[in-house]
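Trainee: Dropping in input.pdb, with PDB, C-alpha atoms, pLDDT in the B column.
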ATOM      1  CA  MET I 880      -3.075  -8.588 -12.280  1.00 66.00           C
ATOM      2  CA  ASP I 881       0.257 -10.348 -12.372  1.00 83.00           C
ATOM      3  CA  VAL I 882       2.212 -11.273  -9.258  1.00 87.00           C
ATOM      4  CA  ASN I 883       4.875  -8.605  -9.773  1.00 90.00           C
ATOM      5  CA  ALA I 884       2.287  -5.824 -10.194  1.00 90.00           C
ATOM      6  CA  ALA I 885       0.526  -6.966  -7.004  1.00 92.00           C
ATOM      7  CA  ARG I 886       3.853  -6.975  -5.144  1.00 96.00           C
ATOM      8  CA  ILE I 887       4.566  -3.423  -6.319  1.00 96.00           C
ATOM      9  CA  ASP I 888       1.081  -2.229  -5.313  1.00 98.00           C
ATOM     10  CA  ASN I 889       1.496  -3.808  -1.873  1.00 98.00           C
ATOM     11  CA  ALA I 890       4.868  -2.125  -1.363  1.00 98.00           C
ATOM     12  CA  TRP I 891       3.537   1.339  -2.265  1.00 98.00           C
ATOM     13  CA  MET I 892       0.464   0.789  -0.083  1.00 98.00           C
ATOM     14  CA  GLN I 893       2.780  -0.039   2.848  1.00 98.00           C
ATOM     15  CA  TYR I 894       4.332   3.393   2.250  1.00 98.00           C
ATOM     16  CA  ALA I 895       0.857   4.976   2.225  1.00 98.00           C
ATOM     17  CA  LEU I 896       0.101   3.255   5.554  1.00 98.00           C
ATOM     18  CA  ARG I 897       3.231   4.828   7.072  1.00 98.00           C
ATOM     19  CA  LEU I 898       1.993   8.222   5.884  1.00 98.00           C
ATOM     20  CA  ALA I 899      -1.413   7.490   7.450  1.00 98.00           C
ATOM     21  CA  GLN I 900       0.372   6.830  10.742  1.00 98.00           C
ATOM     22  CA  ARG I 901       1.940  10.315  10.490  1.00 98.00           C
ATOM     23  CA  ALA I 902      -1.555  11.751  10.260  1.00 98.00           C
ATOM     24  CA  GLU I 903      -2.649   9.754  13.299  1.00 97.00           C
ATOM     25  CA  GLU I 904       0.375  10.953  15.309  1.00 96.00           C
ATOM     26  CA  ARG I 905      -0.815  14.500  14.641  1.00 96.00           C
ATOM     27  CA  GLY I 906      -4.409  13.779  15.697  1.00 96.00           C
ATOM     28  CA  GLU I 907      -5.698  13.615  12.139  1.00 97.00           C
ATOM     29  CA  VAL I 908      -7.822  10.878  10.581  1.00 97.00           C
ATOM     30  CA  PRO I 909      -5.175   8.329   9.518  1.00 98.00           C
ATOM     31  CA  ILE I 910      -5.214   8.442   5.743  1.00 98.00           C
ATOM     32  CA  GLY I 911      -2.046   8.534   3.661  1.00 98.00           C
ATOM     33  CA  ALA I 912      -1.466   9.016  -0.064  1.00 98.00           C
ATOM     34  CA  LEU I 913       1.395   9.148  -2.523  1.00 98.00           C
ATOM     35  CA  LEU I 914       1.719   9.794  -6.233  1.00 98.00           C
ATOM     36  CA  ILE I 915       4.033   7.662  -8.365  1.00 98.00           C
ATOM     37  CA  LYS I 916       5.445   8.435 -11.783  1.00 97.00           C
ATOM     38  CA  ASP I 917       7.988   6.284 -13.603  1.00 96.00           C
ATOM     39  CA  GLU I 918       8.253   3.993 -10.557  1.00 95.00           C
ATOM     40  CA  GLN I 919       9.376   6.900  -8.342  1.00 97.00           C
ATOM     41  CA  CYS I 920       7.510   8.672  -5.559  1.00 98.00           C
ATOM     42  CA  LEU I 921       6.731  12.117  -6.910  1.00 98.00           C
ATOM     43  CA  ALA I 922       4.755  13.416  -3.933  1.00 98.00           C
ATOM     44  CA  GLU I 923       3.222  12.288  -0.662  1.00 98.00           C
ATOM     45  CA  GLY I 924       0.553  13.471   1.709  1.00 98.00           C
ATOM     46  CA  TRP I 925      -1.510  12.628   4.753  1.00 98.00           C
ATOM     47  CA  ASN I 926      -4.670  14.142   6.171  1.00 98.00           C
ATOM     48  CA  GLN I 927      -3.973  17.622   7.534  1.00 98.00           C
ATOM     49  CA  CYS I 928      -7.452  19.161   7.754  1.00 98.00           C
ATOM     50  CA  ILE I 929      -7.278  19.832  11.501  1.00 97.00           C
ATOM     51  CA  GLY I 930      -3.706  21.122  11.626  1.00 97.00           C
ATOM     52  CA  LEU I 931      -4.054  23.356   8.577  1.00 97.00           C
ATOM     53  CA  HIS I 932      -7.642  24.435   9.393  1.00 98.00           C
ATOM     54  CA  ASP I 933      -8.434  23.409   5.822  1.00 98.00           C
ATOM     55  CA  PRO I 934     -11.335  21.125   4.913  1.00 98.00           C
ATOM     56  CA  THR I 935      -9.660  20.371   1.575  1.00 98.00           C
ATOM     57  CA  ALA I 936      -6.386  19.116   3.096  1.00 98.00           C
ATOM     58  CA  HIS I 937      -7.193  15.457   2.479  1.00 98.00           C
ATOM     59  CA  ALA I 938      -4.202  13.174   1.928  1.00 98.00           C
ATOM     60  CA  GLU I 939      -4.927  12.873  -1.795  1.00 98.00           C
ATOM     61  CA  LEU I 940      -5.132  16.625  -2.343  1.00 98.00           C
ATOM     62  CA  VAL I 941      -1.976  17.291  -0.359  1.00 98.00           C
ATOM     63  CA  ALA I 942      -0.126  14.802  -2.586  1.00 98.00           C
ATOM     64  CA  LEU I 943      -1.659  16.207  -5.802  1.00 98.00           C
ATOM     65  CA  ARG I 944      -0.729  19.776  -4.848  1.00 98.00           C
ATOM     66  CA  GLU I 945       2.859  18.775  -4.105  1.00 98.00           C
ATOM     67  CA  ALA I 946       3.114  16.855  -7.384  1.00 98.00           C
ATOM     68  CA  GLY I 947       1.802  19.854  -9.320  1.00 98.00           C
ATOM     69  CA  ARG I 948       4.539  22.011  -7.822  1.00 98.00           C
ATOM     70  CA  VAL I 949       7.216  19.379  -8.538  1.00 97.00           C
ATOM     71  CA  LEU I 950       6.144  18.966 -12.172  1.00 97.00           C
ATOM     72  CA  GLU I 951       5.161  22.624 -12.558  1.00 98.00           C
ATOM     73  CA  ASN I 952       1.943  21.415 -14.146  1.00 98.00           C
ATOM     74  CA  TYR I 953      -1.558  20.697 -12.895  1.00 97.00           C
ATOM     75  CA  ARG I 954      -1.872  17.804 -15.332  1.00 98.00           C
ATOM     76  CA  LEU I 955      -0.368  14.765 -13.644  1.00 98.00           C
ATOM     77  CA  LEU I 956      -0.295  12.481 -16.653  1.00 97.00           C
ATOM     78  CA  ASP I 957       0.913   8.874 -16.428  1.00 98.00           C
ATOM     79  CA  THR I 958       0.783   8.825 -12.624  1.00 98.00           C
ATOM     80  CA  THR I 959      -0.633   6.424 -10.061  1.00 98.00           C
ATOM     81  CA  LEU I 960      -2.134   7.569  -6.772  1.00 98.00           C
ATOM     82  CA  TYR I 961      -1.997   5.183  -3.810  1.00 98.00           C
ATOM     83  CA  VAL I 962      -4.287   6.001  -0.879  1.00 98.00           C
ATOM     84  CA  THR I 963      -5.351   4.034   2.176  1.00 98.00           C
ATOM     85  CA  LEU I 964      -9.103   4.756   1.833  1.00 98.00           C
ATOM     86  CA  GLU I 965     -11.483   4.945  -1.137  1.00 98.00           C
ATOM     87  CA  PRO I 966     -11.505   8.638  -2.131  1.00 98.00           C
ATOM     88  CA  CYS I 967     -14.412  10.990  -1.463  1.00 98.00           C
ATOM     89  CA  VAL I 968     -16.193  13.015  -4.135  1.00 97.00           C
ATOM     90  CA  MET I 969     -13.861  16.018  -3.700  1.00 97.00           C
ATOM     91  CA  CYS I 970     -10.740  13.921  -4.121  1.00 98.00           C
ATOM     92  CA  MET I 971     -12.144  11.985  -7.071  1.00 97.00           C
ATOM     93  CA  GLY I 972     -12.953  15.270  -8.783  1.00 96.00           C
ATOM     94  CA  ALA I 973      -9.373  16.425  -8.295  1.00 97.00           C
ATOM     95  CA  LEU I 974      -8.000  13.114  -9.614  1.00 97.00           C
ATOM     96  CA  MET I 975     -10.099  13.519 -12.757  1.00 96.00           C
ATOM     97  CA  HIS I 976      -9.049  17.122 -13.321  1.00 96.00           C
ATOM     98  CA  ALA I 977      -5.388  16.212 -12.783  1.00 98.00           C
ATOM     99  CA  ARG I 978      -5.711  13.344 -15.293  1.00 97.00           C
ATOM    100  CA  VAL I 979      -4.247  10.774 -12.903  1.00 98.00           C
ATOM    101  CA  LYS I 980      -4.003   7.546 -14.877  1.00 98.00           C
ATOM    102  CA  ARG I 981      -4.459   4.981 -12.118  1.00 98.00           C
ATOM    103  CA  LEU I 982      -5.826   4.911  -8.579  1.00 98.00           C
ATOM    104  CA  VAL I 983      -5.028   2.200  -6.032  1.00 98.00           C
ATOM    105  CA  PHE I 984      -6.751   2.300  -2.657  1.00 98.00           C
ATOM    106  CA  GLY I 985      -6.819   0.140   0.439  1.00 98.00           C
ATOM    107  CA  ALA I 986     -10.049   0.185   2.444  1.00 98.00           C
ATOM    108  CA  TYR I 987     -13.453   0.636   0.834  1.00 98.00           C
ATOM    109  CA  ASP I 988     -15.741   3.408   2.125  1.00 97.00           C
ATOM    110  CA  PRO I 989     -19.343   2.223   1.671  1.00 94.00           C
ATOM    111  CA  LYS I 990     -20.835   5.463   3.087  1.00 95.00           C
ATOM    112  CA  ARG I 991     -18.770   8.149   1.339  1.00 95.00           C
ATOM    113  CA  GLY I 992     -16.582   6.434  -1.239  1.00 97.00           C
ATOM    114  CA  ALA I 993     -16.871   8.061  -4.644  1.00 97.00           C
ATOM    115  CA  VAL I 994     -15.074   5.408  -6.707  1.00 97.00           C
ATOM    116  CA  CYS I 995     -17.466   2.480  -6.433  1.00 94.00           C
ATOM    117  CA  HIS I 996     -19.812   2.989  -3.463  1.00 93.00           C
ATOM    118  CA  ALA I 997     -21.828   6.136  -2.642  1.00 92.00           C
ATOM    119  CA  LEU I 998     -20.909   7.403  -6.123  1.00 92.00           C
ATOM    120  CA  GLN I 999     -19.211   5.678  -9.030  1.00 93.00           C
ATOM    121  CA  LEU I1000     -17.231   8.610 -10.416  1.00 92.00           C
ATOM    122  CA  ALA I1001     -14.536   6.387 -11.887  1.00 91.00           C
ATOM    123  CA  GLU I1002     -17.150   5.288 -14.435  1.00 89.00           C
ATOM    124  CA  ALA I1003     -19.269   8.458 -14.698  1.00 90.00           C
ATOM    125  CA  PRO I1004     -20.285   9.013 -18.336  1.00 90.00           C
ATOM    126  CA  PHE I1005     -20.326  12.819 -17.972  1.00 91.00           C
ATOM    127  CA  LEU I1006     -16.589  13.001 -17.195  1.00 89.00           C
ATOM    128  CA  ASN I1007     -14.099  13.208 -20.042  1.00 87.00           C
ATOM    129  CA  HIS I1008     -11.366  11.325 -18.181  1.00 91.00           C
ATOM    130  CA  LYS I1009     -11.479   7.799 -16.810  1.00 92.00           C
ATOM    131  CA  VAL I1010      -9.249   6.691 -13.961  1.00 95.00           C
ATOM    132  CA  ASN I1011      -8.292   3.031 -13.908  1.00 96.00           C
ATOM    133  CA  TRP I1012      -8.663   1.800 -10.354  1.00 97.00           C
ATOM    134  CA  GLN I1013      -7.918  -1.085  -8.042  1.00 97.00           C
ATOM    135  CA  GLY I1014      -9.436  -1.293  -4.578  1.00 98.00           C
ATOM    136  CA  GLY I1015      -8.760  -3.527  -1.612  1.00 98.00           C
ATOM    137  CA  VAL I1016      -4.948  -3.481  -1.635  1.00 98.00           C
ATOM    138  CA  LEU I1017      -3.919  -4.264   1.958  1.00 98.00           C
ATOM    139  CA  GLU I1018      -7.565  -3.652   2.768  1.00 98.00           C
ATOM    140  CA  ALA I1019      -7.491  -5.264   6.224  1.00 98.00           C
ATOM    141  CA  GLU I1020      -4.493  -3.219   7.392  1.00 98.00           C
ATOM    142  CA  CYS I1021      -5.913   0.035   6.046  1.00 98.00           C
ATOM    143  CA  ALA I1022      -9.357  -0.591   7.544  1.00 98.00           C
ATOM    144  CA  GLN I1023      -7.924  -1.622  10.923  1.00 98.00           C
ATOM    145  CA  LEU I1024      -5.921   1.591  11.232  1.00 97.00           C
ATOM    146  CA  LEU I1025      -9.080   3.650  10.723  1.00 97.00           C
ATOM    147  CA  LYS I1026     -11.206   1.436  12.974  1.00 96.00           C
ATOM    148  CA  ALA I1027      -8.697   1.639  15.846  1.00 94.00           C
ATOM    149  CA  PHE I1028      -8.436   5.426  15.462  1.00 94.00           C
ATOM    150  CA  PHE I1029     -12.186   5.953  15.710  1.00 91.00           C
ATOM    151  CA  GLN I1030     -12.558   3.485  18.596  1.00 89.00           C
ATOM    152  CA  GLN I1031     -10.017   5.511  20.597  1.00 86.00           C
ATOM    153  CA  ARG I1032     -11.927   8.729  19.837  1.00 79.00           C
ATOM    154  CA  ARG I1033     -15.217   7.400  21.206  1.00 73.00           C
TER     155      ARG I1033
END
What do you get writing this file as structure tokens?
Mentor:
Amino acid sequence: MDVNAARIDNAWMQYALRLAQRAEERGEVPIGALLIKDEQCLAEGWNQCIGLHDPTAHAELVALREAGRVLENYRLLDTTLYVTLEPCVMCMGALMHARVKRLVFGAYDPKRGAVCHALQLAEAPFLNHKVNWQGGVLEAECAQLLKAFFQQRR
């Protein structure tokens, strides 16, 4: 990855971290996500499961739903999703169905991550769409936000 691309990924991940902080302020698990198309933020989201009483209101899905409404299409072609934590199986399934081109995430999730840990859905041969992905962008910052949140809850 070239230096300029890394700089751009870092800048968008900083934005995702600010969205994660919104979730935390509302008592939600601090995960933030945004969808980019043509170098513009198309949609954003943060975890809202508790507030919306909706187990599917993960940051990624909130952003995908908003983007679908903005584009008036469920196919989100030529987009990049930035999210502060490696997506779960539900979110990876949605990314595949939406045809998101690229995924960039911060912290890895060894227990539940469905990109490259618990499951490797980004490379699953039974899926007809492949998402290009990059993990570990601002990994320490993303992981620390989650770690601090759960330490306060205990």
Trainee: What do you get, as a PyMOL selection string, if you spell out every residue that the PyMOL selection byres ((chain I and resi 1015-1025) around 8) selects here?
Mentor: chain I and resi 888-889+892-893+896+908-910+963-964+983-987+1013-1014+1026-1029
Trainee: Just the residues within 9 Å of Val1010 in chain I, please, counting all atoms listed in the file, with nothing from its chain fewer than 2 positions along; format it as a list in words.
Mentor: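 Everything that qualifies: Leu974, Met975, Arg978, Val979, Lys980, Arg981, Leu982, Leu1000, Ala1001, Glu1002, His1008 and Trp1012 of chain I.
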Trainee: Using all atoms listed in the file, find the one residue out of I:Arg901, I:Glu907, I:Gly972, I:Ala890 that sits nearest to Asp933 in chain I.
Mentor: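 When distances to Asp933 in chain I are compared using all atoms listed in the file, the smallest one comes from I:Glu907.
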Trainee: Quick one: of I:Arg944, I:Lys916, I:His976, I:Arg1033, who's nearest to Leu960 in chain I, counting all atoms listed in the file?
Mentor: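 Among I:Arg944, I:Lys916, I:His976, I:Arg1033, it is I:Lys916 that comes nearest to Leu960 in chain I.
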Trainee: Have a look at I:Arg905, I:Lys1009, I:Arg948, I:His937 and name the one nearest to Val994 in chain I; count all atoms listed in the file.
Mentor: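 With all atoms listed in the file as the atom set, the closest residue is I:Lys1009.
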Trainee: What is the distance between CA of Val962 in chain I and CA of Leu1006 in chain I, in Å to one decimal?
Mentor: 21.6 Å
Trainee: Could you please determine the separation between CA of Leu956 in chain I and CA of Glu939 in chain I in Å, to one decimal place?
Mentor: 15.6 Å
Trainee: Is there a way to get, as a PyMOL selection string, all residues within 10 Å of the point (-19.1, 6.5, 0.3) in file coordinates, counting only C-alpha atoms?
Mentor: chain I and resi 965-968+987-999
Trainee: Please produce a file of those selected residues containing C-alpha atoms, as a JSON list (two decimals), in the frame of the given file.
Mentor:
[["chain", "number", "residue", "atom", "x", "y", "z"],
["I", 965, "GLU", "CA", -11.48, 4.94, -1.14],
["I", 966, "PRO", "CA", -11.50, 8.64, -2.13],
["I", 967, "CYS", "CA", -14.41, 10.99, -1.46],
["I", 968, "VAL", "CA", -16.19, 13.02, -4.14],
["I", 987, "TYR", "CA", -13.45, 0.64, 0.83],
["I", 988, "ASP", "CA", -15.74, 3.41, 2.12],
["I", 989, "PRO", "CA", -19.34, 2.22, 1.67],
["I", 990, "LYS", "CA", -20.84, 5.46, 3.09],
["I", 991, "ARG", "CA", -18.77, 8.15, 1.34],
["I", 992, "GLY", "CA", -16.58, 6.43, -1.24],
["I", 993, "ALA", "CA", -16.87, 8.06, -4.64],
["I", 994, "VAL", "CA", -15.07, 5.41, -6.71],
["I", 995, "CYS", "CA", -17.47, 2.48, -6.43],
["I", 996, "HIS", "CA", -19.81, 2.99, -3.46],
["I", 997, "ALA", "CA", -21.83, 6.14, -2.64],
["I", 998, "LEU", "CA", -20.91, 7.40, -6.12],
["I", 999, "GLN", "CA", -19.21, 5.68, -9.03]]
Trainee: How big is the axis-aligned box around all listed atoms of range 881-885 of chain I once 4 Å goes on each side, and where's its centre, in Å to one decimal, as lines of an AutoDock Vina configuration file?
Mentor:
center_x = 2.6
center_y = -8.5
center_z = -9.7
size_x = 12.6
size_y = 13.4
size_z = 13.4
Trainee: Quick one: distance from CA of Asn926 in chain I to CA of Arg897 in chain I in Å, one decimal?
Mentor: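 That distance, rounded to one decimal, is 12.2 Å.
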Trainee: I would like the residues chosen by the PyMOL selection byres ((chain I and resi 922) around 8) on the shown file; could you give them as a list in words?
Mentor: Leu913, Leu914, Ile915, Cys920, Leu921, Glu923, Gly924, Ala942, Leu943, Glu945, Ala946 and Val949 of chain I
Trainee: How would the residues just chosen look if you wrote them out with C-alpha atoms as a PDB file, in the frame of the given file?
Mentor:
ATOM      1  CA  LEU I 913       1.395   9.148  -2.523  1.00 98.00           C
ATOM      2  CA  LEU I 914       1.719   9.794  -6.233  1.00 98.00           C
ATOM      3  CA  ILE I 915       4.033   7.662  -8.365  1.00 98.00           C
ATOM      4  CA  CYS I 920       7.510   8.672  -5.559  1.00 98.00           C
ATOM      5  CA  LEU I 921       6.731  12.117  -6.910  1.00 98.00           C
ATOM      6  CA  GLU I 923       3.222  12.288  -0.662  1.00 98.00           C
ATOM      7  CA  GLY I 924       0.553  13.471   1.709  1.00 98.00           C
ATOM      8  CA  ALA I 942      -0.126  14.802  -2.586  1.00 98.00           C
ATOM      9  CA  LEU I 943      -1.659  16.207  -5.802  1.00 98.00           C
ATOM     10  CA  GLU I 945       2.859  18.775  -4.105  1.00 98.00           C
ATOM     11  CA  ALA I 946       3.114  16.855  -7.384  1.00 98.00           C
ATOM     12  CA  VAL I 949       7.216  19.379  -8.538  1.00 97.00           C
TER      13      VAL I 949
END
Trainee: Restricting the calculation to only C-alpha atoms: of I:Val941, I:Ala977, I:Ala884, I:Ala912, which residue gets closest to Leu955 in chain I?
Mentor: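 Of I:Val941, I:Ala977, I:Ala884, I:Ala912, the one nearest Leu955 in chain I is I:Ala977, counting only C-alpha atoms.
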Trainee: Quick one: of I:Thr959, I:Gln900, I:Asn883, I:Asn1011, who's nearest to Asp917 in chain I, counting only C-alpha atoms?
Mentor: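 Nearest to Asp917 in chain I: I:Thr959.
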